[in-house]
Amino acid sequence: MKKAIKDFKKFRRELYRGDEMYVGTAEFIVDMLVGQTTAFAKKCTVIPLAEERDGKRQAQCLWINAPETDYAQVAFFDAKDKSSAESLLARAKELARQNGLKRIVAGLHGHLSYGVGILTSAKSKNTFDTCYNKLGYEEYFAGFGEKRTLSAYRCEVEQARMRLDEARFDTGAYSVREADFSRFADECEIMRRICDKTIGTTHLYEQTETGHFYELLKDMKILLSGQNLLFLTYENREVGFLFWHPDFNGAIGSGKQCSALSFALGYALHRGRVDTVKLNSIGVDEKHLGRGTLALLRAMSKRIGGRYKYIETNFVWDCNIKSTMLNKRLLGDVWRTFAVYEEEL
């Protein structure tokens with residue numbers, strides 16, 4: 001297994017070397033899954049699959065079955081040609097059948113909070129915590145089950161602010177507090193509970209266990225402060241959250257791998273290059289969606305000040321009409337598109 005993981009990472013390293021759209025922070029989630037360094041990853045079955053021709057690797061993926069799910073995942077898929085891709089996908093399906101699974105999902109990376117989507121278009125280099133792959137993989141999934149699409153939105157911060165100001169709804173019944181990082185694990189747990197209740201209704205989201213988001217975010221804590229994790233309160237009860245952060249990738253060079261240390265040092269030395277802020281995730285109880293969401297967005301707007309030129313979202317399912325309409329109204333421009341492919345077995 002150690003050799004299989006080493007070869008898997010080597011192929012990715014060589015494939016993306018020199019790719020100006022790729023930033024090495026994408027490998028942090030790969031390492032969590034193949035190294036099974038989180039409680040969630042430890043419960044997953046993770047198998048590197050590969051196709052070779054004449055002794056050279058042509059395609060690969062991580063075959064994953066997450067706990068309490070009846071489907072296999074094709075995660076971190078890469079291929080150099082269609083025939084190798086089709087052979088790899090056929091093997092992934094057969095392995096799923098052998099394990100008694102009912103369907104296969106290509107483009108989910110362990111859990112929705114770890115990442116989702118095979119990139120199908122992009123207008124700039126990859127932002128932090130956004131899935132990336134070589135463009136053109138759509139061709140390899142022609143005829144592979146059902147295709148679902150996702151989008152990320154981007155515009156200038158000042159444009160977003162003006163659109164927020166135009167939404168003249170009274171949000172006075174709500175208050176927004178910053179996370180207390182002296183209680184970081186506890187605050188991550190509040191975020192997790194709200195996320196499971198709100199984003200938990202999103203397609204492919206699986207309910208999480210205690211500590212899930214703490215393990216995901218703990219290594220980022222040194223780069224964040226309480227203002228990056230905001231909680232919406234109503235009648236002294238948390239009913240929503242918003243997680244935002246700088247696009248750390250803006251301080252990191254493209255087309256090469258980076259360790260956690262080189263990433264932290266790069267950001268410390270070159271954070272002035274970062275011109276984009278990421279709206280990573282937002283979850284609000286159903287009955288507070290309108291005014292509550294607006295209160296959180298206004299609170300974020302106040303805190304980002306004049307430090308960034310652009311704001312970009314994480315993925316949004318195109319079938320999620322409410323979220324799609326909100327993003328189109330506030331941000332306007334689709335900046336990246338993704339796809340997930342699902343097939344019954």
# chains A, B, ... in the order shown; residues from 1 in each chain; ligands from 1
call {"tool": "residues_around", "arguments": {"residues": "A:Arg336", "least_positions_apart": "6", "cutoff": "8 Å", "atoms": "only C-alpha atoms", "output": "NGL selection string"}}
result
:A and (119-123 or 151-153)
call {"tool": "residues_around", "arguments": {"residues": "A:Tyr234", "least_positions_apart": "6", "cutoff": "10 Å", "atoms": "only C-alpha atoms", "output": "PyMOL selection string"}}
result
chain A and resi 172-176+240+288+292
call {"tool": "residues_around", "arguments": {"residues": "A:Glu86", "least_positions_apart": "6", "cutoff": "10 Å", "atoms": "only C-alpha atoms", "output": "PDB file with all heavy atoms, in the first residue's frame"}}
result
ATOM      1  N   GLU A  51      -4.071   2.794 -14.162  1.00  0.00           N
ATOM      2  CA  GLU A  51      -3.972   2.128 -15.452  1.00  0.00           C
ATOM      3  C   GLU A  51      -2.613   2.470 -16.054  1.00  0.00           C
ATOM      4  O   GLU A  51      -2.205   3.639 -16.065  1.00  0.00           O
ATOM      5  CB  GLU A  51      -5.077   2.601 -16.396  1.00  0.00           C
ATOM      6  CG  GLU A  51      -6.430   1.965 -16.140  1.00  0.00           C
ATOM      7  CD  GLU A  51      -6.439   0.485 -16.461  1.00  0.00           C
ATOM      8  OE1 GLU A  51      -5.902   0.091 -17.524  1.00  0.00           O
ATOM      9  OE2 GLU A  51      -6.968  -0.288 -15.644  1.00  0.00           O
ATOM     10  N   ALA A  59      -3.476   6.707 -16.156  1.00  0.00           N
ATOM     11  CA  ALA A  59      -4.670   7.183 -15.464  1.00  0.00           C
ATOM     12  C   ALA A  59      -4.655   6.662 -14.036  1.00  0.00           C
ATOM     13  O   ALA A  59      -4.070   5.598 -13.756  1.00  0.00           O
ATOM     14  CB  ALA A  59      -5.935   6.715 -16.179  1.00  0.00           C
ATOM     15  N   ALA A  79      -6.314  11.431 -15.966  1.00  0.00           N
ATOM     16  CA  ALA A  79      -6.060  10.521 -17.084  1.00  0.00           C
ATOM     17  C   ALA A  79      -5.433  11.285 -18.238  1.00  0.00           C
ATOM     18  O   ALA A  79      -5.719  12.463 -18.451  1.00  0.00           O
ATOM     19  CB  ALA A  79      -7.355   9.844 -17.534  1.00  0.00           C
ATOM     20  N   ALA A  92     -13.091   0.639 -11.491  1.00  0.00           N
ATOM     21  CA  ALA A  92     -13.697   1.237 -10.296  1.00  0.00           C
ATOM     22  C   ALA A  92     -15.124   0.717 -10.104  1.00  0.00           C
ATOM     23  O   ALA A  92     -15.548   0.421  -8.976  1.00  0.00           O
ATOM     24  CB  ALA A  92     -13.686   2.759 -10.418  1.00  0.00           C
ATOM     25  N   TYR A 140     -14.011  12.174 -20.958  1.00  0.00           N
ATOM     26  CA  TYR A 140     -13.827  10.821 -20.446  1.00  0.00           C
ATOM     27  C   TYR A 140     -15.078  10.267 -19.759  1.00  0.00           C
ATOM     28  O   TYR A 140     -15.171   9.063 -19.522  1.00  0.00           O
ATOM     29  CB  TYR A 140     -12.655  10.783 -19.460  1.00  0.00           C
ATOM     30  CG  TYR A 140     -11.353  11.297 -20.019  1.00  0.00           C
ATOM     31  CD1 TYR A 140     -10.406  11.895 -19.196  1.00  0.00           C
ATOM     32  CD2 TYR A 140     -11.056  11.193 -21.376  1.00  0.00           C
ATOM     33  CE1 TYR A 140      -9.207  12.363 -19.694  1.00  0.00           C
ATOM     34  CE2 TYR A 140      -9.859  11.657 -21.894  1.00  0.00           C
ATOM     35  CZ  TYR A 140      -8.929  12.250 -21.040  1.00  0.00           C
ATOM     36  OH  TYR A 140      -7.739  12.717 -21.544  1.00  0.00           O
ATOM     37  N   PHE A 141     -16.024  11.155 -19.426  1.00  0.00           N
ATOM     38  CA  PHE A 141     -17.217  10.726 -18.708  1.00  0.00           C
ATOM     39  C   PHE A 141     -18.469  10.737 -19.597  1.00  0.00           C
ATOM     40  O   PHE A 141     -19.582  10.634 -19.090  1.00  0.00           O
ATOM     41  CB  PHE A 141     -17.433  11.604 -17.483  1.00  0.00           C
ATOM     42  CG  PHE A 141     -16.407  11.373 -16.408  1.00  0.00           C
ATOM     43  CD1 PHE A 141     -15.253  12.145 -16.354  1.00  0.00           C
ATOM     44  CD2 PHE A 141     -16.582  10.369 -15.475  1.00  0.00           C
ATOM     45  CE1 PHE A 141     -14.296  11.919 -15.381  1.00  0.00           C
ATOM     46  CE2 PHE A 141     -15.636  10.132 -14.492  1.00  0.00           C
ATOM     47  CZ  PHE A 141     -14.487  10.905 -14.442  1.00  0.00           C
ATOM     48  N   ALA A 142     -18.265  10.845 -20.894  1.00  0.00           N
ATOM     49  CA  ALA A 142     -19.399  10.781 -21.817  1.00  0.00           C
ATOM     50  C   ALA A 142     -20.082   9.425 -21.652  1.00  0.00           C
ATOM     51  O   ALA A 142     -19.449   8.373 -21.737  1.00  0.00           O
ATOM     52  CB  ALA A 142     -18.918  10.972 -23.253  1.00  0.00           C
ATOM     53  N   PHE A 144     -21.289   8.316 -18.876  1.00  0.00           N
ATOM     54  CA  PHE A 144     -21.144   7.820 -17.503  1.00  0.00           C
ATOM     55  C   PHE A 144     -22.287   8.381 -16.659  1.00  0.00           C
ATOM     56  O   PHE A 144     -22.222   9.475 -16.120  1.00  0.00           O
ATOM     57  CB  PHE A 144     -19.797   8.277 -16.929  1.00  0.00           C
ATOM     58  CG  PHE A 144     -19.451   7.688 -15.577  1.00  0.00           C
ATOM     59  CD1 PHE A 144     -18.544   6.652 -15.467  1.00  0.00           C
ATOM     60  CD2 PHE A 144     -20.033   8.185 -14.420  1.00  0.00           C
ATOM     61  CE1 PHE A 144     -18.221   6.119 -14.218  1.00  0.00           C
ATOM     62  CE2 PHE A 144     -19.717   7.666 -13.174  1.00  0.00           C
ATOM     63  CZ  PHE A 144     -18.813   6.624 -13.076  1.00  0.00           C
TER      64      PHE A 144
END
call {"tool": "closest_atom_pairs", "arguments": {"of": "stretch 149-226 of chain A", "to": "stretch 266-276 of chain A", "cutoff": "12 Å", "atoms": "only C-alpha atoms", "output": "Markdown table"}}
result
| residue | atom | partner | partner_atom | distance |
| --- | --- | --- | --- | --- |
| A:Arg154 | CA | A:Thr276 | CA | 9.3 |
| A:Cys155 | CA | A:Thr276 | CA | 9.6 |
| A:Glu156 | CA | A:Thr276 | CA | 8.9 |
| A:Val157 | CA | A:Thr276 | CA | 8.7 |
| A:Met220 | CA | A:Tyr267 | CA | 11.7 |
| A:Ile222 | CA | A:Ala268 | CA | 10.6 |
| A:Leu223 | CA | A:Tyr267 | CA | 8.7 |
| A:Leu224 | CA | A:Tyr267 | CA | 11.9 |
call {"tool": "closest_atom_pairs", "arguments": {"of": "stretch 18-69 of chain A", "to": "stretch 124-128 of chain A", "cutoff": "8 Å", "atoms": "only C-alpha atoms", "output": "CSV"}}
result
residue,atom,partner,partner_atom,distance
A:Glu20,CA,A:Lys125,CA,6.7
A:Met21,CA,A:Lys125,CA,3.9
A:Tyr22,CA,A:Asn126,CA,5.8
A:Val23,CA,A:Asn126,CA,6.3
A:Thr25,CA,A:Phe128,CA,6.9
A:Ala26,CA,A:Phe128,CA,7.6
call {"tool": "write_last_selection", "arguments": {"atoms": "N, CA and C atoms", "output": "CSV table (one decimal), in the first residue's frame"}}
result
chain,number,residue,atom,x,y,z
A,20,GLU,N,0.4,26.3,-14.6
A,20,GLU,CA,0.2,27.6,-14.0
A,20,GLU,C,-1.1,27.8,-13.3
A,21,MET,N,-2.1,26.9,-13.6
A,21,MET,CA,-3.4,27.0,-13.0
A,21,MET,C,-3.4,26.2,-11.6
A,22,TYR,N,-2.4,25.4,-11.4
A,22,TYR,CA,-2.4,24.5,-10.3
A,22,TYR,C,-1.6,25.0,-9.1
A,23,VAL,N,-2.1,24.9,-7.9
A,23,VAL,CA,-1.3,25.3,-6.7
A,23,VAL,C,-1.3,24.1,-5.8
A,25,THR,N,-1.4,23.4,-2.7
A,25,THR,CA,-2.2,23.2,-1.6
A,25,THR,C,-3.3,22.1,-1.8
A,26,ALA,N,-3.6,21.8,-3.0
A,26,ALA,CA,-4.6,20.8,-3.4
A,26,ALA,C,-4.2,19.5,-2.8
call {"tool": "select_by_dssp", "arguments": {"residues": "stretch 25-213 of chain A", "states": "strand (DSSP E or B)", "output": "ChimeraX atom specification"}}
result
/A:45-53,56-65,71-79,103-106,108,116,118-122,146-156,174-178
call {"tool": "closest_atom_pairs", "arguments": {"of": "stretch 143-203 of chain A", "to": "stretch 226-230 of chain A", "cutoff": "9 Å", "atoms": "only C-alpha atoms", "output": "CSV"}}
result
residue,atom,partner,partner_atom,distance
A:Val176,CA,A:Leu230,CA,6.5
A:Arg177,CA,A:Leu230,CA,5.7
A:Glu178,CA,A:Leu230,CA,4.8
A:Ala179,CA,A:Gly226,CA,4.5
A:Asp180,CA,A:Gly226,CA,5.7
A:Phe181,CA,A:Gly226,CA,5.7
A:Phe184,CA,A:Gly226,CA,8.9
A:Glu187,CA,A:Leu229,CA,8.7
A:Cys188,CA,A:Leu229,CA,8.9
A:Met191,CA,A:Leu229,CA,8.6
call {"tool": "closest_residue", "arguments": {"among": "A:Leu297, A:Leu112, A:Ala50, A:Leu101", "to": "A:Ser87", "atoms": "only C-alpha atoms"}}
result
A:Ala50
call {"tool": "select_by_dssp", "arguments": {"residues": "stretch 57-246 of chain A", "states": "helix (DSSP H, G or I)", "output": "count of residues only"}}
result
67
call {"tool": "residues_around", "arguments": {"residues": "A:Asp19", "least_positions_apart": "2", "cutoff": "9 Å", "atoms": "only C-alpha atoms", "output": "list in words"}}
result
Leu15, Tyr16, Arg17, Met21, Tyr22, Val23, Lys134, Ser254, Gly255 and Lys256 of chain A
call {"tool": "write_last_selection", "arguments": {"atoms": "all heavy atoms", "output": "mmCIF file, in the first residue's frame"}}
result
data_model
loop_
_atom_site.group_PDB
_atom_site.id
_atom_site.type_symbol
_atom_site.label_atom_id
_atom_site.label_comp_id
_atom_site.auth_asym_id
_atom_site.auth_seq_id
_atom_site.Cartn_x
_atom_site.Cartn_y
_atom_site.Cartn_z
ATOM 1 N N LEU A 15 2.416 15.200 -13.244
ATOM 2 C CA LEU A 15 1.364 15.658 -14.148
ATOM 3 C C LEU A 15 1.140 17.160 -14.035
ATOM 4 O O LEU A 15 0.927 17.847 -15.041
ATOM 5 C CB LEU A 15 0.061 14.915 -13.839
ATOM 6 C CG LEU A 15 -1.134 15.221 -14.745
ATOM 7 C CD1 LEU A 15 -0.869 14.719 -16.159
ATOM 8 C CD2 LEU A 15 -2.411 14.594 -14.179
ATOM 9 N N TYR A 16 1.202 17.691 -12.803
ATOM 10 C CA TYR A 16 0.878 19.102 -12.589
ATOM 11 C C TYR A 16 2.101 20.012 -12.509
ATOM 12 O O TYR A 16 1.950 21.214 -12.320
ATOM 13 C CB TYR A 16 0.021 19.238 -11.327
ATOM 14 C CG TYR A 16 -1.359 18.641 -11.518
ATOM 15 C CD1 TYR A 16 -1.715 17.446 -10.901
ATOM 16 C CD2 TYR A 16 -2.282 19.244 -12.364
ATOM 17 C CE1 TYR A 16 -2.969 16.886 -11.100
ATOM 18 C CE2 TYR A 16 -3.533 18.695 -12.576
ATOM 19 C CZ TYR A 16 -3.870 17.516 -11.940
ATOM 20 O OH TYR A 16 -5.105 16.966 -12.155
ATOM 21 N N ARG A 17 3.280 19.429 -12.673
ATOM 22 C CA ARG A 17 4.492 20.253 -12.658
ATOM 23 C C ARG A 17 4.443 21.269 -13.803
ATOM 24 O O ARG A 17 4.216 20.935 -14.959
ATOM 25 C CB ARG A 17 5.733 19.387 -12.787
ATOM 26 C CG ARG A 17 7.053 20.190 -12.736
ATOM 27 C CD ARG A 17 8.252 19.278 -12.833
ATOM 28 N NE ARG A 17 8.365 18.432 -11.648
ATOM 29 C CZ ARG A 17 8.590 17.127 -11.666
ATOM 30 N NH1 ARG A 17 8.693 16.505 -12.841
ATOM 31 N NH2 ARG A 17 8.690 16.440 -10.552
ATOM 32 N N MET A 21 -2.065 26.907 -13.590
ATOM 33 C CA MET A 21 -3.380 26.985 -12.951
ATOM 34 C C MET A 21 -3.432 26.191 -11.643
ATOM 35 O O MET A 21 -4.377 26.318 -10.864
ATOM 36 C CB MET A 21 -4.454 26.444 -13.898
ATOM 37 C CG MET A 21 -4.568 27.215 -15.197
ATOM 38 S SD MET A 21 -5.372 28.810 -14.982
ATOM 39 C CE MET A 21 -7.093 28.311 -15.044
ATOM 40 N N TYR A 22 -2.412 25.367 -11.407
ATOM 41 C CA TYR A 22 -2.391 24.457 -10.264
ATOM 42 C C TYR A 22 -1.554 25.024 -9.124
ATOM 43 O O TYR A 22 -0.474 25.570 -9.333
ATOM 44 C CB TYR A 22 -1.811 23.109 -10.701
ATOM 45 C CG TYR A 22 -1.365 22.204 -9.577
ATOM 46 C CD1 TYR A 22 -2.264 21.344 -8.957
ATOM 47 C CD2 TYR A 22 -0.043 22.203 -9.141
ATOM 48 C CE1 TYR A 22 -1.862 20.497 -7.933
ATOM 49 C CE2 TYR A 22 0.376 21.363 -8.113
ATOM 50 C CZ TYR A 22 -0.527 20.520 -7.515
ATOM 51 O OH TYR A 22 -0.123 19.695 -6.495
ATOM 52 N N VAL A 23 -2.071 24.886 -7.893
ATOM 53 C CA VAL A 23 -1.321 25.262 -6.697
ATOM 54 C C VAL A 23 -1.268 24.051 -5.776
ATOM 55 O O VAL A 23 -2.270 23.359 -5.565
ATOM 56 C CB VAL A 23 -1.964 26.459 -5.970
ATOM 57 C CG1 VAL A 23 -1.133 26.866 -4.754
ATOM 58 C CG2 VAL A 23 -2.113 27.641 -6.927
ATOM 59 N N LYS A 134 -6.762 18.887 -14.557
ATOM 60 C CA LYS A 134 -6.578 19.312 -15.938
ATOM 61 C C LYS A 134 -7.943 19.451 -16.608
ATOM 62 O O LYS A 134 -8.863 18.682 -16.335
ATOM 63 C CB LYS A 134 -5.740 18.287 -16.711
ATOM 64 C CG LYS A 134 -4.321 18.095 -16.199
ATOM 65 C CD LYS A 134 -3.419 19.234 -16.617
ATOM 66 C CE LYS A 134 -1.971 18.931 -16.248
ATOM 67 N NZ LYS A 134 -1.055 20.059 -16.628
ATOM 68 N N SER A 254 2.768 28.725 -8.545
ATOM 69 C CA SER A 254 1.984 27.713 -9.262
ATOM 70 C C SER A 254 2.882 26.603 -9.793
ATOM 71 O O SER A 254 4.102 26.747 -9.902
ATOM 72 C CB SER A 254 1.261 28.364 -10.455
ATOM 73 O OG SER A 254 0.442 29.410 -10.033
ATOM 74 N N GLY A 255 2.246 25.494 -10.151
ATOM 75 C CA GLY A 255 2.911 24.437 -10.901
ATOM 76 C C GLY A 255 3.932 23.625 -10.152
ATOM 77 O O GLY A 255 4.817 23.025 -10.758
ATOM 78 N N LYS A 256 3.823 23.573 -8.820
ATOM 79 C CA LYS A 256 4.770 22.771 -8.042
ATOM 80 C C LYS A 256 4.141 22.377 -6.721
ATOM 81 O O LYS A 256 3.194 22.994 -6.251
ATOM 82 C CB LYS A 256 6.065 23.549 -7.793
ATOM 83 C CG LYS A 256 5.867 24.862 -7.057
ATOM 84 C CD LYS A 256 7.177 25.618 -6.908
ATOM 85 C CE LYS A 256 6.963 26.955 -6.198
ATOM 86 N NZ LYS A 256 8.224 27.709 -6.061
#
call {"tool": "residues_around", "arguments": {"residues": "A:Glu68", "least_positions_apart": "2", "cutoff": "12 Å", "atoms": "only C-alpha atoms", "output": "PyMOL selection string"}}
result
chain A and resi 40+43-45+65-66+70-72+101+111+205-209
call {"tool": "closest_residue", "arguments": {"among": "A:Arg291, A:Lys6, A:Lys309, A:Lys302", "to": "A:Val277", "atoms": "only C-alpha atoms"}}
result
A:Lys309
call {"tool": "residues_around", "arguments": {"residues": "A:Leu279", "least_positions_apart": "2", "cutoff": "8 Å", "atoms": "only C-alpha atoms", "output": "PyMOL selection string"}}
result
chain A and resi 242-245+277+281-282+311-314
call {"tool": "write_last_selection", "arguments": {"atoms": "all heavy atoms", "output": "mmCIF file, in the first residue's frame"}}
result
data_model
loop_
_atom_site.group_PDB
_atom_site.id
_atom_site.type_symbol
_atom_site.label_atom_id
_atom_site.label_comp_id
_atom_site.auth_asym_id
_atom_site.auth_seq_id
_atom_site.Cartn_x
_atom_site.Cartn_y
_atom_site.Cartn_z
ATOM 1 N N LEU A 242 -20.795 31.527 8.963
ATOM 2 C CA LEU A 242 -20.119 31.892 7.708
ATOM 3 C C LEU A 242 -18.627 31.749 7.945
ATOM 4 O O LEU A 242 -18.093 32.305 8.912
ATOM 5 C CB LEU A 242 -20.474 33.310 7.289
ATOM 6 C CG LEU A 242 -19.952 33.780 5.912
ATOM 7 C CD1 LEU A 242 -20.868 34.869 5.334
ATOM 8 C CD2 LEU A 242 -18.524 34.309 5.983
ATOM 9 N N PHE A 243 -17.964 31.010 7.069
ATOM 10 C CA PHE A 243 -16.514 30.819 7.145
ATOM 11 C C PHE A 243 -15.874 31.437 5.911
ATOM 12 O O PHE A 243 -16.232 31.096 4.786
ATOM 13 C CB PHE A 243 -16.183 29.327 7.231
ATOM 14 C CG PHE A 243 -14.713 29.017 7.259
ATOM 15 C CD1 PHE A 243 -13.852 29.680 8.119
ATOM 16 C CD2 PHE A 243 -14.182 28.056 6.412
ATOM 17 C CE1 PHE A 243 -12.485 29.398 8.143
ATOM 18 C CE2 PHE A 243 -12.820 27.761 6.419
ATOM 19 C CZ PHE A 243 -11.972 28.431 7.294
ATOM 20 N N TRP A 244 -14.969 32.388 6.135
ATOM 21 C CA TRP A 244 -14.273 33.044 5.044
ATOM 22 C C TRP A 244 -12.788 33.139 5.372
ATOM 23 O O TRP A 244 -12.383 33.046 6.537
ATOM 24 C CB TRP A 244 -14.849 34.434 4.766
ATOM 25 C CG TRP A 244 -14.594 35.423 5.886
ATOM 26 C CD1 TRP A 244 -15.332 35.600 7.013
ATOM 27 C CD2 TRP A 244 -13.509 36.370 5.956
ATOM 28 N NE1 TRP A 244 -14.788 36.592 7.800
ATOM 29 C CE2 TRP A 244 -13.675 37.087 7.172
ATOM 30 C CE3 TRP A 244 -12.435 36.679 5.127
ATOM 31 C CZ2 TRP A 244 -12.786 38.087 7.580
ATOM 32 C CZ3 TRP A 244 -11.553 37.678 5.522
ATOM 33 C CH2 TRP A 244 -11.731 38.368 6.730
ATOM 34 N N HIS A 245 -11.967 33.347 4.354
ATOM 35 C CA HIS A 245 -10.523 33.466 4.571
ATOM 36 C C HIS A 245 -9.869 34.057 3.327
ATOM 37 O O HIS A 245 -10.464 34.046 2.232
ATOM 38 C CB HIS A 245 -9.906 32.096 4.878
ATOM 39 C CG HIS A 245 -10.234 31.035 3.870
ATOM 40 N ND1 HIS A 245 -9.647 30.969 2.626
ATOM 41 C CD2 HIS A 245 -11.106 29.997 3.921
ATOM 42 C CE1 HIS A 245 -10.125 29.943 1.961
ATOM 43 N NE2 HIS A 245 -11.022 29.335 2.715
ATOM 44 N N VAL A 277 -10.506 37.262 -1.601
ATOM 45 C CA VAL A 277 -11.029 36.674 -0.372
ATOM 46 C C VAL A 277 -12.005 35.568 -0.757
ATOM 47 O O VAL A 277 -12.759 35.705 -1.719
ATOM 48 C CB VAL A 277 -11.706 37.750 0.515
ATOM 49 C CG1 VAL A 277 -12.877 38.385 -0.197
ATOM 50 C CG2 VAL A 277 -12.150 37.163 1.848
ATOM 51 N N SER A 281 -17.804 28.877 3.055
ATOM 52 C CA SER A 281 -19.057 28.173 3.307
ATOM 53 C C SER A 281 -19.970 29.018 4.177
ATOM 54 O O SER A 281 -19.508 29.813 4.997
ATOM 55 C CB SER A 281 -18.811 26.813 3.969
ATOM 56 O OG SER A 281 -18.042 26.950 5.143
ATOM 57 N N ILE A 282 -21.259 28.826 3.982
ATOM 58 C CA ILE A 282 -22.266 29.537 4.756
ATOM 59 C C ILE A 282 -23.465 28.616 4.945
ATOM 60 O O ILE A 282 -23.877 27.928 4.010
ATOM 61 C CB ILE A 282 -22.674 30.863 4.074
ATOM 62 C CG1 ILE A 282 -23.692 31.628 4.924
ATOM 63 C CG2 ILE A 282 -23.183 30.644 2.673
ATOM 64 C CD1 ILE A 282 -23.939 33.043 4.420
ATOM 65 N N ILE A 311 -13.749 38.877 -4.569
ATOM 66 C CA ILE A 311 -14.346 37.881 -3.690
ATOM 67 C C ILE A 311 -14.793 36.711 -4.542
ATOM 68 O O ILE A 311 -15.355 36.896 -5.628
ATOM 69 C CB ILE A 311 -15.527 38.460 -2.876
ATOM 70 C CG1 ILE A 311 -16.156 37.366 -1.995
ATOM 71 C CG2 ILE A 311 -16.580 39.099 -3.779
ATOM 72 C CD1 ILE A 311 -17.180 37.892 -1.010
ATOM 73 N N GLU A 312 -14.511 35.494 -4.074
ATOM 74 C CA GLU A 312 -14.879 34.287 -4.812
ATOM 75 C C GLU A 312 -15.519 33.293 -3.850
ATOM 76 O O GLU A 312 -15.098 33.167 -2.699
ATOM 77 C CB GLU A 312 -13.652 33.661 -5.471
ATOM 78 C CG GLU A 312 -13.974 32.430 -6.320
ATOM 79 C CD GLU A 312 -12.783 31.904 -7.103
ATOM 80 O OE1 GLU A 312 -11.966 32.721 -7.576
ATOM 81 O OE2 GLU A 312 -12.672 30.674 -7.231
ATOM 82 N N THR A 313 -16.528 32.585 -4.323
ATOM 83 C CA THR A 313 -17.189 31.566 -3.516
ATOM 84 C C THR A 313 -16.520 30.216 -3.713
ATOM 85 O O THR A 313 -15.752 30.012 -4.653
ATOM 86 C CB THR A 313 -18.668 31.412 -3.892
ATOM 87 O OG1 THR A 313 -18.757 30.813 -5.199
ATOM 88 C CG2 THR A 313 -19.381 32.751 -3.881
ATOM 89 N N ASN A 314 -16.871 29.290 -2.831
ATOM 90 C CA ASN A 314 -16.583 27.898 -3.069
ATOM 91 C C ASN A 314 -17.676 27.363 -3.991
ATOM 92 O O ASN A 314 -18.473 28.128 -4.522
ATOM 93 C CB ASN A 314 -16.527 27.140 -1.749
ATOM 94 C CG ASN A 314 -15.301 26.235 -1.658
ATOM 95 O OD1 ASN A 314 -14.679 25.904 -2.654
ATOM 96 N ND2 ASN A 314 -14.962 25.833 -0.448
#
call {"tool": "closest_residue", "arguments": {"among": "A:Phe8, A:Tyr114, A:Phe263, A:Phe241", "to": "A:Leu62", "atoms": "only C-alpha atoms"}}
result
A:Phe8
